[in-house]
Structures are given as structure tokens and as C-alpha cells.
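Below you'll find the structure, written out as C-alpha cells, and then a few comments.
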Amino acid sequence: MNDWENFKEDIAVDGGDPAPGGEQLQVIVDTLWVYDQPDWDARYTTVNEGEIFTIEEALTVNGSLMYELRSGLYITGNPEYVDIIA
């Protein structure tokens, strides 16, 4: 089960140092859904523009890119919604 507190600890607003060995992504839209399993119907909560998350793994879900985050939650990899940062 995913833990809301761990998820919130993964957020680094306005930058932050990349985790060793892990790329980060930044939300570039006002609000965006995150998911509690690699399934587009498994909506969990929303995140806001400017929030930054650490990527653990890239997945293909129903033909679309989804990232597993360090928190254990999942987010779209669509470049219209997120940017990969160093």
C-alpha cells in the first residue's frame, strides 16, 4: 500500500537536488493526477504545478508512458504535463 506521508516527502517544490541515480520530473500543468497502481483508472490524488518527484522506473501502460515514483505512486510521462529535469 502506498503511504501519503512518504509521497509528500518526495515533493521538492522550486527545485531540490536530484536523488543519486534517479532522474526527477516536474509537473508543468496546474493540477495532475497521480495513481496508486500502474493503471490509468487507479486515480489516487492530484499534484500541483512546480512539484518535483523522483522517478524509479519508466513503464508503458496501455501504450502510454507512466513513471513509478520513489513514493510508490505513478504519474504520466506525457511531456505536455511533466518535464524531466537533471
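Residues in the C-alpha cells are named by chain (A, B, ... in the order shown) and by number from 1 within that chain; ligands are numbered from 1 in the order shown.
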
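Residues lying within 10 Å of range 41-45 of chain A, counting only C-alpha atoms and ignoring same-chain neighbours fewer than 6 positions away, are A:Asn2, A:Trp4, A:Thr31, A:Leu32, A:Trp33, A:Val34, A:Tyr35, A:Leu73, A:Tyr74, A:Ile75.
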
Would you pick out the contacts of Glu57 in chain A at 8 Å or less, using only C-alpha atoms, so that residues sharing its chain but fewer than 6 positions from it are not included, and give the list as an MDAnalysis selection string?
chainID A and resid 67:69

Atoms to include: C-alpha atoms. Write the selected residues as an mmCIF file, in the first residue's frame.
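Now in again.cif:
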data_model
loop_
_atom_site.group_PDB
_atom_site.id
_atom_site.type_symbol
_atom_site.label_atom_id
_atom_site.label_comp_id
_atom_site.auth_asym_id
_atom_site.auth_seq_id
_atom_site.Cartn_x
_atom_site.Cartn_y
_atom_site.Cartn_z
ATOM 1 C CA TYR A 67 6.576 6.652 -14.324
ATOM 2 C CA GLU A 68 6.762 4.895 -10.979
ATOM 3 C CA LEU A 69 7.813 7.472 -8.387
#

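What separates CA of Val82 in chain A from CA of Ile28 in chain A is a distance of 5.3 Å.
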
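Of the residues under consideration (A:Pro79, A:Ile84, A:Leu25, A:Met66), A:Leu25 shows the shortest atom-to-atom contact distance to Ile52 in chain A when counting only C-alpha atoms.
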
The distance between CA of Leu65 in chain A and CA of Gly77 in chain A is 4.9 Å

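Of the listed residues (A:Val29, A:Gly22, A:Gln37, A:Tyr81), A:Gln37 comes nearest to Leu59 in chain A; the distances count only C-alpha atoms.
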
d(CA of Ile55 in chain A, CA of Asp83 in chain A) in Å:
11.7 Å

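Nearest to Val61 in chain A of all the residues A:Asn78, A:Thr46, A:Asp39, A:Gln26 is A:Asp39, counting only C-alpha atoms.
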
Measuring between only C-alpha atoms, which one of A:Gln24, A:Ala58, A:Gly72, A:Asn48 shows the shortest distance to Asp36 in chain A?
A:Gly72
